[in-house]
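Peer 1: Contents of structure-v8.tsv (TSV, C-alpha atoms and all ligand atoms) are below:
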chain	number	residue	atom	x	y	z
R	19	MET	CA	-20.00	10.22	13.76
R	20	LYS	CA	-16.50	9.99	12.44
R	21	ASN	CA	-13.49	7.72	12.86
R	22	PRO	CA	-11.50	8.41	16.04
R	23	PRO	CA	-8.79	11.06	15.38
R	24	SER	CA	-5.81	8.70	15.72
R	25	LEU	CA	-7.43	6.35	13.21
R	26	ASP	CA	-8.07	9.19	10.76
R	27	GLN	CA	-4.46	10.30	11.20
R	28	LEU	CA	-3.23	6.79	10.46
R	29	ILE	CA	-5.39	6.67	7.32
R	30	ALA	CA	-3.99	10.04	6.23
R	31	ALA	CA	-0.42	8.92	6.98
R	32	LEU	CA	-0.83	5.75	4.90
R	33	LYS	CA	-1.70	7.89	1.88
R	34	VAL	CA	1.97	8.95	1.60
R	35	LEU	CA	2.58	5.47	0.16
R	36	PRO	CA	2.67	5.54	-3.64
R	37	GLY	CA	-0.48	4.08	-5.20
R	38	VAL	CA	-2.49	4.24	-1.97
R	39	GLY	CA	-5.69	6.32	-2.14
R	40	PRO	CA	-8.23	7.11	0.59
R	41	LYS	CA	-10.18	3.86	0.24
R	42	SER	CA	-7.20	1.53	0.36
R	43	ALA	CA	-5.59	3.58	3.14
R	44	GLN	CA	-8.75	2.99	5.17
R	45	ARG	CA	-8.73	-0.71	4.35
R	46	MET	CA	-5.05	-0.92	5.36
R	47	ALA	CA	-5.64	0.90	8.66
R	48	PHE	CA	-8.58	-1.35	9.54
R	49	HIS	CA	-6.57	-4.42	8.65
R	50	LEU	CA	-3.62	-3.37	10.80
R	51	LEU	CA	-5.69	-2.42	13.84
R	52	GLN	CA	-8.07	-5.34	13.56
R	53	ARG	CA	-5.99	-8.24	12.32
R	54	ASP	CA	-2.30	-7.44	12.55
R	55	LYS	CA	-1.24	-5.18	15.41
R	56	GLY	CA	2.08	-7.00	15.53
R	57	GLY	CA	2.62	-6.16	11.87
R	58	ALA	CA	1.76	-2.52	12.51
R	59	GLN	CA	4.26	-2.40	15.34
R	60	ARG	CA	6.98	-3.98	13.20
R	61	LEU	CA	6.20	-1.50	10.43
R	62	ALA	CA	6.58	1.47	12.77
R	63	ARG	CA	9.88	0.10	14.09
R	64	ALA	CA	11.14	-0.71	10.57
R	65	LEU	CA	10.35	2.82	9.41
R	66	ASP	CA	12.30	4.28	12.34
R	67	ALA	CA	15.23	1.92	11.82
R	68	ALA	CA	15.43	2.58	8.08
R	69	LEU	CA	15.13	6.34	8.58
R	70	GLY	CA	17.90	6.18	11.16
R	71	GLN	CA	20.25	3.87	9.32
R	72	VAL	CA	19.85	4.13	5.57
R	73	ILE	CA	22.15	6.68	3.95
R	74	HIS	CA	23.46	7.08	0.41
R	75	CYS	CA	26.78	5.53	-0.61
R	76	GLU	CA	29.32	8.33	-0.99
R	77	ARG	CA	30.55	7.03	-4.30
R	78	CYS	CA	27.60	5.46	-6.13
R	79	ASN	CA	24.65	7.09	-4.34
R	80	THR	CA	22.75	3.85	-3.74
R	81	PHE	CA	21.10	3.04	-0.42
R	82	SER	CA	23.61	1.84	2.14
R	83	GLU	CA	24.11	1.63	5.88
R	84	THR	CA	27.83	2.35	5.52
R	85	PRO	CA	29.58	5.32	3.86
R	86	LEU	CA	30.72	2.98	1.07
R	87	CYS	CA	28.37	0.26	-0.21
R	88	ASN	CA	29.60	-3.31	-0.77
R	89	VAL	CA	30.16	-2.87	-4.49
R	90	CYS	CA	32.11	0.37	-4.14
R	91	ALA	CA	34.18	-1.10	-1.32
R	92	ASP	CA	35.13	-4.14	-3.43
R	93	PRO	CA	38.68	-3.67	-4.83
R	94	GLY	CA	38.05	-6.51	-7.31
R	95	ARG	CA	35.66	-4.42	-9.43
R	96	ARG	CA	36.87	-2.66	-12.56
R	97	GLN	CA	37.41	0.97	-11.63
R	98	ASP	CA	37.34	2.31	-15.20
R	99	LEU	CA	33.75	1.26	-15.96
R	100	LEU	CA	30.81	3.18	-14.52
R	101	CYS	CA	27.22	2.04	-15.07
R	102	VAL	CA	24.43	4.59	-14.57
R	103	VAL	CA	21.07	3.26	-13.41
R	104	GLU	CA	17.89	4.89	-12.19
R	105	MET	CA	17.23	3.02	-8.97
R	106	PRO	CA	18.87	0.61	-6.49
R	107	ALA	CA	16.53	-2.13	-7.77
R	108	ASP	CA	18.16	-1.76	-11.21
R	109	LEU	CA	21.62	-2.17	-9.68
R	110	LEU	CA	20.45	-5.31	-7.90
R	111	MET	CA	19.06	-6.72	-11.17
R	112	LEU	CA	22.37	-6.13	-12.96
R	113	GLU	CA	24.26	-7.79	-10.10
R	114	GLN	CA	21.88	-10.72	-10.27
R	115	ALA	CA	22.53	-11.02	-14.01
R	116	LYS	CA	26.27	-11.36	-13.26
R	117	CYS	CA	27.05	-9.53	-16.50
R	118	TYR	CA	29.01	-6.56	-15.22
R	119	ASP	CA	32.09	-6.16	-13.06
R	120	GLY	CA	32.51	-2.39	-13.02
R	121	LEU	CA	31.09	0.18	-10.62
R	122	TYR	CA	27.74	1.97	-10.56
R	123	PHE	CA	26.12	5.31	-10.14
R	124	VAL	CA	22.50	5.36	-9.00
R	125	LEU	CA	20.55	8.46	-10.02
R	126	MET	CA	17.72	7.74	-7.57
R	127	GLY	CA	15.19	8.69	-10.17
R	128	ARG	CA	14.94	9.81	-13.76
R	129	VAL	CA	14.46	13.15	-15.42
R	130	SER	CA	10.76	13.70	-16.07
R	131	PRO	CA	9.72	17.11	-17.39
R	132	MET	CA	6.06	15.99	-17.13
R	133	GLU	CA	6.42	15.44	-13.38
R	134	GLY	CA	8.70	18.42	-12.90
R	135	ILE	CA	11.71	16.24	-12.10
R	136	GLY	CA	14.76	18.00	-13.51
R	137	PRO	CA	18.48	17.21	-13.69
R	138	ARG	CA	19.03	18.65	-10.20
R	139	ASP	CA	16.62	16.11	-8.74
R	140	VAL	CA	18.51	13.11	-10.10
R	141	ASN	CA	21.98	13.90	-8.79
R	142	LEU	CA	23.58	14.75	-12.14
R	143	ASP	CA	26.04	17.08	-10.38
R	144	LYS	CA	27.16	14.22	-8.17
R	145	LEU	CA	27.41	11.94	-11.22
R	146	MET	CA	29.64	14.46	-13.04
R	147	VAL	CA	32.06	14.63	-10.12
R	148	ARG	CA	32.09	10.84	-9.87
R	149	ALA	CA	32.54	10.17	-13.60
R	150	LEU	CA	35.30	12.76	-13.99
R	151	ASP	CA	37.56	11.30	-11.32
R	152	GLY	CA	40.22	10.60	-13.96
R	153	VAL	CA	39.91	6.82	-13.52
R	154	VAL	CA	36.56	6.18	-15.21
R	155	ALA	CA	37.03	5.71	-18.94
R	156	GLU	CA	33.61	4.46	-20.06
R	157	VAL	CA	30.14	5.23	-18.76
R	158	VAL	CA	27.50	2.60	-19.53
R	159	ILE	CA	24.03	4.12	-19.42
R	160	ALA	CA	21.46	1.59	-18.22
R	161	THR	CA	18.43	3.74	-17.52
R	162	ASN	CA	15.07	2.25	-18.45
R	163	PHE	CA	13.81	2.27	-22.03
R	164	THR	CA	10.81	4.36	-21.08
R	165	ALA	CA	10.26	7.91	-22.36
R	166	GLU	CA	11.73	9.32	-19.13
R	167	GLY	CA	14.60	6.84	-19.08
R	168	GLU	CA	15.51	7.77	-22.65
R	169	VAL	CA	15.38	11.51	-21.92
R	170	THR	CA	17.63	10.88	-18.93
R	171	ALA	CA	20.03	8.74	-20.98
R	172	HIS	CA	20.27	11.47	-23.62
R	173	MET	CA	20.90	14.20	-21.06
R	174	VAL	CA	23.53	12.19	-19.16
R	175	GLY	CA	25.18	11.11	-22.40
R	176	GLU	CA	25.51	14.64	-23.77
R	177	LEU	CA	26.99	15.96	-20.53
R	178	LEU	CA	29.57	13.18	-20.32
R	179	LYS	CA	30.56	13.19	-23.98
R	180	GLU	CA	31.26	16.94	-23.72
R	181	ARG	CA	33.83	16.08	-21.09
R	182	GLY	CA	35.56	13.56	-23.35
R	183	LEU	CA	34.30	10.33	-21.79
R	184	THR	CA	33.26	7.26	-23.78
R	185	VAL	CA	29.53	6.83	-23.27
R	186	THR	CA	27.62	3.65	-24.18
R	187	ARG	CA	24.00	2.57	-23.85
R	188	ILE	CA	22.93	-1.00	-23.10
R	189	ALA	CA	21.42	-2.58	-26.23
R	190	ARG	CA	17.77	-2.61	-27.18
R	191	GLY	CA	16.31	-5.65	-28.88
R	192	MET	CA	14.48	-8.92	-28.45
R	193	PRO	CA	14.44	-10.40	-24.96
R	194	VAL	CA	16.23	-13.73	-24.61
R	195	GLY	CA	13.62	-16.38	-25.32
R	196	GLY	CA	11.38	-13.79	-26.98
R	197	GLU	CA	9.14	-14.79	-29.89
R	198	LEU	CA	8.51	-12.42	-32.78
R	199	GLU	CA	4.81	-13.23	-32.72
R	200	PHE	CA	4.40	-11.90	-29.22
R	201	ILE	CA	6.80	-8.97	-29.13
R	202	ASP	CA	5.58	-5.38	-29.41
R	203	PRO	CA	6.21	-3.84	-32.85
R	204	GLY	CA	8.38	-1.04	-31.47
R	205	THR	CA	10.83	-3.46	-29.89
R	206	LEU	CA	10.89	-5.59	-32.99
R	207	ALA	CA	11.56	-2.58	-35.22
R	208	GLN	CA	14.37	-1.52	-32.91
R	209	ALA	CA	15.83	-5.01	-32.96
R	210	VAL	CA	15.87	-4.95	-36.77
R	211	PHE	CA	17.32	-1.46	-36.89
R	212	GLU	CA	20.10	-2.30	-34.46
R	213	ARG	CA	20.86	-5.66	-36.07
R	214	ARG	CA	24.49	-6.69	-35.78
R	215	ARG	CA	26.68	-8.52	-38.20
R	216	LEU	CA	27.36	-12.11	-37.20
R	217	ALA	CA	31.04	-12.75	-36.70
I	26	MET	CA	25.16	-7.19	-3.31
I	27	LYS	CA	21.87	-6.81	-1.47
I	28	ASN	CA	19.80	-4.03	-0.01
I	29	PRO	CA	21.03	-2.86	3.40
I	30	PRO	CA	19.35	-4.90	6.19
I	31	SER	CA	17.22	-2.07	7.58
I	32	LEU	CA	15.89	-1.41	4.06
I	33	ASP	CA	15.08	-5.09	3.53
I	34	GLN	CA	13.33	-5.12	6.89
I	35	LEU	CA	11.25	-2.10	5.91
I	36	ILE	CA	10.30	-3.78	2.63
I	37	ALA	CA	9.30	-6.92	4.54
I	38	ALA	CA	7.32	-4.87	7.08
I	39	LEU	CA	5.39	-3.05	4.35
I	40	LYS	CA	4.16	-6.39	3.02
I	41	VAL	CA	1.81	-6.69	6.03
I	42	LEU	CA	-0.37	-4.13	4.26
I	43	PRO	CA	-3.21	-5.79	2.36
I	44	GLY	CA	-2.66	-5.80	-1.39
I	45	VAL	CA	1.05	-4.99	-1.12
I	46	GLY	CA	3.43	-7.54	-2.68
I	47	PRO	CA	7.23	-7.59	-2.81
I	48	LYS	CA	7.53	-5.26	-5.81
I	49	SER	CA	5.24	-2.56	-4.53
I	50	ALA	CA	6.68	-2.86	-1.02
I	51	GLN	CA	10.09	-2.13	-2.52
I	52	ARG	CA	8.71	0.80	-4.51
I	53	MET	CA	7.07	2.16	-1.34
I	54	ALA	CA	10.27	1.83	0.71
I	55	PHE	CA	12.35	3.56	-1.97
I	56	HIS	CA	9.77	6.31	-2.26
I	57	LEU	CA	9.68	6.92	1.50
I	58	LEU	CA	13.45	6.95	1.95
I	59	GLN	CA	14.18	8.93	-1.19
I	60	ARG	CA	11.32	11.39	-1.54
I	61	ASP	CA	9.28	11.53	1.64
I	62	LYS	CA	11.18	10.96	4.87
I	63	GLY	CA	8.74	13.31	6.59
I	64	GLY	CA	5.87	11.12	5.45
I	65	ALA	CA	7.66	8.01	6.70
I	66	GLN	CA	8.16	9.63	10.08
I	67	ARG	CA	4.51	10.67	10.28
I	68	LEU	CA	3.47	7.14	9.32
I	69	ALA	CA	5.59	5.60	12.09
I	70	ARG	CA	4.14	8.04	14.62
I	71	ALA	CA	0.57	7.52	13.37
I	72	LEU	CA	0.96	3.74	13.69
I	73	ASP	CA	2.19	4.13	17.27
I	74	ALA	CA	-0.58	6.58	18.15
I	75	ALA	CA	-3.33	4.45	16.64
I	76	LEU	CA	-1.98	1.28	18.27
I	77	GLY	CA	-1.87	3.09	21.59
I	78	GLN	CA	-5.22	4.84	21.42
I	79	VAL	CA	-7.69	2.91	19.27
I	80	ILE	CA	-9.82	0.46	21.23
I	81	HIS	CA	-13.20	-1.14	20.56
I	82	CYS	CA	-16.39	0.49	21.84
I	83	GLU	CA	-17.68	-1.61	24.73
I	84	ARG	CA	-21.22	-1.64	23.38
I	85	CYS	CA	-21.00	-1.64	19.59
I	86	ASN	CA	-17.47	-2.93	19.03
I	87	THR	CA	-16.51	-0.22	16.53
I	88	PHE	CA	-13.15	1.56	16.65
I	89	SER	CA	-13.10	4.24	19.32
I	90	GLU	CA	-10.68	6.13	21.54
I	91	THR	CA	-13.15	6.10	24.42
I	92	PRO	CA	-14.88	3.15	26.13
I	93	LEU	CA	-18.16	4.24	24.54
I	94	CYS	CA	-18.20	5.61	20.99
I	95	ASN	CA	-20.13	8.78	20.10
I	96	VAL	CA	-23.17	6.92	18.80
I	97	CYS	CA	-23.47	4.62	21.81
I	98	ALA	CA	-23.00	7.56	24.18
I	99	ASP	CA	-25.81	9.55	22.52
I	100	PRO	CA	-29.01	9.27	24.62
I	101	GLY	CA	-31.03	10.60	21.67
I	102	ARG	CA	-30.64	7.38	19.68
I	103	ARG	CA	-33.38	4.73	19.71
I	104	GLN	CA	-32.27	2.05	22.16
I	105	ASP	CA	-34.59	-0.65	20.85
I	106	LEU	CA	-33.10	-0.82	17.34
I	107	LEU	CA	-29.76	-2.50	16.74
I	108	CYS	CA	-28.15	-2.49	13.31
I	109	VAL	CA	-25.48	-5.13	12.59
I	110	VAL	CA	-22.75	-4.15	10.11
I	111	GLU	CA	-19.49	-5.75	9.06
I	112	MET	CA	-17.05	-2.86	9.42
I	113	PRO	CA	-16.75	0.66	10.91
I	114	ALA	CA	-16.77	2.06	7.38
I	115	ASP	CA	-20.29	0.64	6.95
I	116	LEU	CA	-21.43	2.35	10.14
I	117	LEU	CA	-20.02	5.64	8.88
I	118	MET	CA	-21.86	5.21	5.57
I	119	LEU	CA	-25.17	4.60	7.34
I	120	GLU	CA	-24.61	7.68	9.50
I	121	GLN	CA	-23.85	9.70	6.39
I	122	ALA	CA	-27.06	8.48	4.78
I	123	LYS	CA	-28.98	9.89	7.80
I	124	CYS	CA	-31.52	7.11	7.49
I	125	TYR	CA	-31.17	5.43	10.87
I	126	ASP	CA	-31.45	6.63	14.45
I	127	GLY	CA	-30.90	3.38	16.38
I	128	LEU	CA	-27.69	1.85	17.66
I	129	TYR	CA	-25.13	-0.41	15.97
I	130	PHE	CA	-23.11	-3.53	16.38
I	131	VAL	CA	-19.94	-3.84	14.30
I	132	LEU	CA	-18.83	-7.42	13.65
I	133	MET	CA	-15.36	-6.34	12.49
I	134	GLY	CA	-15.52	-8.82	9.65
I	135	ARG	CA	-17.83	-11.35	8.09
I	136	VAL	CA	-18.09	-15.11	8.27
I	137	SER	CA	-16.13	-16.63	5.41
I	138	PRO	CA	-15.77	-20.41	5.38
I	139	MET	CA	-13.51	-20.05	2.32
I	140	GLU	CA	-11.03	-17.94	4.28
I	141	GLY	CA	-11.48	-19.92	7.49
I	142	ILE	CA	-13.23	-17.02	9.24
I	143	GLY	CA	-15.86	-18.53	11.52
I	144	PRO	CA	-18.50	-17.10	13.88
I	145	ARG	CA	-15.93	-16.81	16.71
I	146	ASP	CA	-13.84	-14.44	14.59
I	147	VAL	CA	-16.66	-11.98	14.02
I	148	ASN	CA	-17.72	-11.40	17.62
I	149	LEU	CA	-21.05	-13.21	17.42
I	150	ASP	CA	-20.83	-14.01	21.16
I	151	LYS	CA	-20.46	-10.34	21.93
I	152	LEU	CA	-23.36	-9.55	19.59
I	153	MET	CA	-25.61	-12.07	21.37
I	154	VAL	CA	-24.94	-10.49	24.75
I	155	ARG	CA	-25.55	-7.03	23.31
I	156	ALA	CA	-28.74	-7.93	21.43
I	157	LEU	CA	-30.26	-9.79	24.37
I	158	ASP	CA	-30.01	-6.91	26.84
I	159	GLY	CA	-33.81	-6.83	27.12
I	160	VAL	CA	-34.06	-3.38	25.54
I	161	VAL	CA	-33.30	-4.23	21.91
I	162	ALA	CA	-36.51	-5.28	20.15
I	163	GLU	CA	-35.42	-5.35	16.52
I	164	VAL	CA	-32.09	-6.23	14.95
I	165	VAL	CA	-31.52	-4.79	11.48
I	166	ILE	CA	-28.93	-6.81	9.59
I	167	ALA	CA	-26.92	-4.61	7.24
I	168	THR	CA	-24.05	-6.86	6.24
I	169	ASN	CA	-22.94	-6.62	2.62
I	170	PHE	CA	-24.84	-8.37	-0.16
I	171	THR	CA	-21.82	-10.43	-1.07
I	172	ALA	CA	-21.72	-14.22	-0.61
I	173	GLU	CA	-19.93	-13.82	2.74
I	174	GLY	CA	-22.20	-11.01	3.87
I	175	GLU	CA	-25.28	-13.12	3.10
I	176	VAL	CA	-23.88	-16.13	4.95
I	177	THR	CA	-23.17	-13.86	7.90
I	178	ALA	CA	-26.67	-12.35	7.74
I	179	HIS	CA	-28.23	-15.80	7.70
I	180	MET	CA	-26.15	-17.01	10.62
I	181	VAL	CA	-26.81	-13.90	12.71
I	182	GLY	CA	-30.49	-13.98	11.81
I	183	GLU	CA	-30.99	-17.60	12.83
I	184	LEU	CA	-29.24	-17.09	16.16
I	185	LEU	CA	-31.28	-14.01	17.03
I	186	LYS	CA	-34.64	-15.35	15.88
I	187	GLU	CA	-34.13	-18.41	18.10
I	188	ARG	CA	-33.94	-16.02	21.03
I	189	GLY	CA	-37.24	-14.39	20.10
I	190	LEU	CA	-35.95	-11.14	18.62
I	191	THR	CA	-37.43	-9.49	15.54
I	192	VAL	CA	-34.77	-9.67	12.84
I	193	THR	CA	-34.88	-7.61	9.66
I	194	ARG	CA	-32.57	-7.32	6.68
I	195	ILE	CA	-32.01	-4.05	4.83
I	196	ALA	CA	-33.80	-4.28	1.52
I	197	ARG	CA	-32.26	-5.67	-1.58
I	198	GLY	CA	-32.36	-2.22	-3.08
I	199	MET	CA	-28.64	-2.76	-2.93
I	200	PRO	CA	-27.20	-4.08	-6.16
I	201	VAL	CA	-26.33	-7.78	-5.93
I	202	GLY	CA	-22.68	-8.05	-5.00
I	203	GLY	CA	-22.66	-4.44	-3.82
I	204	GLU	CA	-20.75	-3.27	-0.76
I	205	LEU	CA	-22.05	-0.59	1.60
I	206	GLU	CA	-18.82	1.29	1.52
I	207	PHE	CA	-19.14	2.03	-2.18
I	208	ILE	CA	-22.87	2.74	-2.51
I	209	ASP	CA	-24.45	6.19	-2.84
I	210	PRO	CA	-26.24	7.39	0.31
I	211	GLY	CA	-29.66	7.66	-1.40
I	212	THR	CA	-29.72	4.01	-2.41
I	213	LEU	CA	-28.53	3.03	1.02
I	214	ALA	CA	-31.24	5.11	2.69
I	215	GLN	CA	-33.85	3.42	0.49
I	216	ALA	CA	-32.53	0.01	1.41
I	217	VAL	CA	-32.87	0.80	5.12
I	218	PHE	CA	-36.38	2.20	4.65
I	219	GLU	CA	-37.49	-0.97	2.82
I	220	ARG	CA	-35.98	-3.43	5.26
I	221	ARG	CA	-38.08	-6.60	5.53
I	222	ARG	CA	-38.72	-9.03	8.32
I	223	LEU	CA	-36.88	-12.33	7.92
I	224	ALA	CA	-39.33	-15.22	7.48
R	301	ZN	ZN	28.45	2.49	-3.65
R	302	ZN	ZN	-20.33	2.19	20.23
Just dump the structure as structure tokens.
Peer 2:
Amino acid sequence: MKNPPSLDQLIAALKVLPGVGPKSAQRMAFHLLQRDKGGAQRLARALDAALGQVIHCERCNTFSETPLCNVCADPGRRQDLLCVVEMPADLLMLEQAKCYDGLYFVLMGRVSPMEGIGPRDVNLDKLMVRALDGVVAEVVIATNFTAEGEVTAHMVGELLKERGLTVTRIARGMPVGGELEFIDPGTLAQAVFERRRLA
Amino acid sequence: MKNPPSLDQLIAALKVLPGVGPKSAQRMAFHLLQRDKGGAQRLARALDAALGQVIHCERCNTFSETPLCNVCADPGRRQDLLCVVEMPADLLMLEQAKCYDGLYFVLMGRVSPMEGIGPRDVNLDKLMVRALDGVVAEVVIATNFTAEGEVTAHMVGELLKERGLTVTRIARGMPVGGELEFIDPGTLAQAVFERRRLA
């Protein structure tokens, strides 16, 4: 006695989702078939639609349904500032923060020697071409402050400095509203080390 | 600046999966579009295939691609023993434990007043018809030993005893709070062997 083949295939297919193992794939398949066939149908259609329509913006590499994404197509943005982020979610966060009016480049990942993700896998070639267009003057690196994000920042920074560009890194320090008592020691040490003179 | 519509729709569609919130839905969508388009395609096809092919066994209510599942279609099984389980995964576990040669009924859930899941939602009507076919002499209740599983066992037991059937419960060799899906086959086999008649 086994599951019917199409059910086993669905369970196997669900395991492509990050963080989904055999047990939760089975739970998901049962849930969809038993309680939410409409949801399963919408998911299948959404996968097809996204696969058919989502491409990468020619300039910034983020997800887009048009050759140029909204940000890149906006003539009001500063053309001499280029911010490098790991993922589209990071770009969205920066836009939400309304703190930046330049353009972006989305690596779609970060360099991770541990996981075998090298510079080729994070579009560094495409970034070089983009950053060296003669208009960009400063590249702001806004990769995450994780081990991989820092390795990526270092690698990107070295490559761009070699070519004569100004390269900056968004600041590390205390979060707004953060309390010393509850911050991790590493962040606190960094905040002290990178202290700035009050004007 | 937002995600392209088809990407947002995929993220929304992924949230139908149990245990998947907005953040992990976004991570899943990015992963599929960026690193595993083949997997996304297979998932869409597997959803369609399962939706098109998986039905419920006419006799035992488990998932099946044929009107009768393999167990129900097997003339070698004891026809006078009917084991009631919550989910197809529980049936598979019992088969793996090789401790039982009767037939099954799969509720496809359990009664849960807390979640508003009543007797109608777990196919008790269908179970009554099945159990009262005149051939079944003993119903072995093998719902989980969780609060909901026990409520379900009690409800099923009362209904069947009223109709004059012998009703047994697999033994509490199961750890309290344990779920069939996660138990080792030896313990499960013991619990079936020690099943006791409900007073
Ligand atoms: Zn763009
Ligand atoms: Zn069956």
Peer 1: Do a neighbour search on range 204-215 of chain I at 6 Å with only C-alpha atoms, toss out local chain neighbours closer than 4 positions, and write the hits as a list in words.
Peer 2: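 Listing them by chain and then by number gives Asp115, Ala122, Cys124 and Asn169 of chain I.
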Peer 1: Atoms to include: C-alpha atoms. Write the selected residues as an mmCIF file, in the coordinates of the input.
Peer 2:
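So the final result, stored in selection31.cif, reads:
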data_model
loop_
_atom_site.group_PDB
_atom_site.id
_atom_site.type_symbol
_atom_site.label_atom_id
_atom_site.label_comp_id
_atom_site.auth_asym_id
_atom_site.auth_seq_id
_atom_site.Cartn_x
_atom_site.Cartn_y
_atom_site.Cartn_z
ATOM 1 C CA ASP I 115 -20.290 0.640 6.950
ATOM 2 C CA ALA I 122 -27.060 8.480 4.780
ATOM 3 C CA CYS I 124 -31.520 7.110 7.490
ATOM 4 C CA ASN I 169 -22.940 -6.620 2.620
#
Peer 1: Cα-based RMSD, chain R fitted onto chain I, all atoms paired in sequence order: value?
Peer 2: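 So the superposition leaves a C-alpha RMSD of 5.7 Å.
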Peer 1: I need the residue nearest chain R from this list: I:Pro29, I:Gly44, I:Pro100, I:Gly127. Use only C-alpha atoms for the distance.
Peer 2: I:Pro29
Peer 1: Give as a ChimeraX atom specification every residue of chain R that touches chain I within 8 Å, counting all atoms listed in the file.
Peer 2: /R:19-22,24-25,27-28,31-32,34-36,45-46,49-52,54-55,57-69,71-72,81-83,88-89,110,113,126
Peer 1: List as a ChimeraX atom specification the residues having at least one atom at most 8 Å from position (-25.3, -9.6, 8.2) as given in the file, counting only C-alpha atoms.
Peer 2: /I:109-111,135,166-169,174-182,194
Peer 1: How many Å separate CA of Leu178 in chain R from CA of Glu212 in chain R?
Peer 2: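 Result for CA of Leu178 in chain R versus CA of Glu212 in chain R: 23.0 Å, one decimal.
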Peer 1: Could you work out how far CA of Val154 in chain R lies from CA of Arg96 in chain R, giving the answer in Å with one decimal?
Peer 2: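 Between CA of Arg96 in chain R and CA of Val154 in chain R the gap works out to 9.2 Å.
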Peer 1: How big is the axis-aligned box around the listed atoms of range 39-43 of chain I once 8 Å is added on each side, and where is its centre? Give both in Å to one decimal, as JSON.
Peer 2:
{"center_x": 1.1, "center_y": -4.9, "center_z": 4.2, "size_x": 24.6, "size_y": 19.6, "size_z": 19.7}
Peer 1: Between CA of Leu100 in chain R and CA of Ala149 in chain R, what distance in Å does the model show, to one decimal?
Peer 2: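 Between these atoms lies a distance of 7.3 Å.
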Peer 1: Counting only C-alpha atoms and all ligand atoms, which of I:Ala216, I:Arg102, I:Pro47, I:Val192 gets nearest to ligand ZN 302 (chain R)?
Peer 2: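 For ligand ZN 302 (chain R), the nearest of the given residues is I:Arg102.
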Peer 1: If we count all atoms listed in the file, what is near Val129 in chain R at a cut-off of 7 Å, once residues fewer than 5 positions away on the same chain are taken out, given as a list in words?
Peer 2: Ile135, Gly136, Pro137, Val140, Glu166, Val169 and Thr170 of chain R
Peer 1: Determine the nearest neighbour of ligand ZN 302 (chain R) from the options I:Ser137, I:Arg155, I:Asp146, I:Gly46, counting only C-alpha atoms and all ligand atoms.
Peer 2: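 Checking each of I:Ser137, I:Arg155, I:Asp146, I:Gly46 against ligand ZN 302 (chain R), counting only C-alpha atoms and all ligand atoms, the winner is I:Arg155.
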Peer 1: Find, counting all atoms listed in the file, the residue in R:Leu183, R:Lys116, R:Val153, R:Val124 that gets nearest to ligand ZN 301 (chain R).
Peer 2: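 Once distances to ligand ZN 301 (chain R) are computed over all atoms listed in the file, the minimum belongs to R:Val124.
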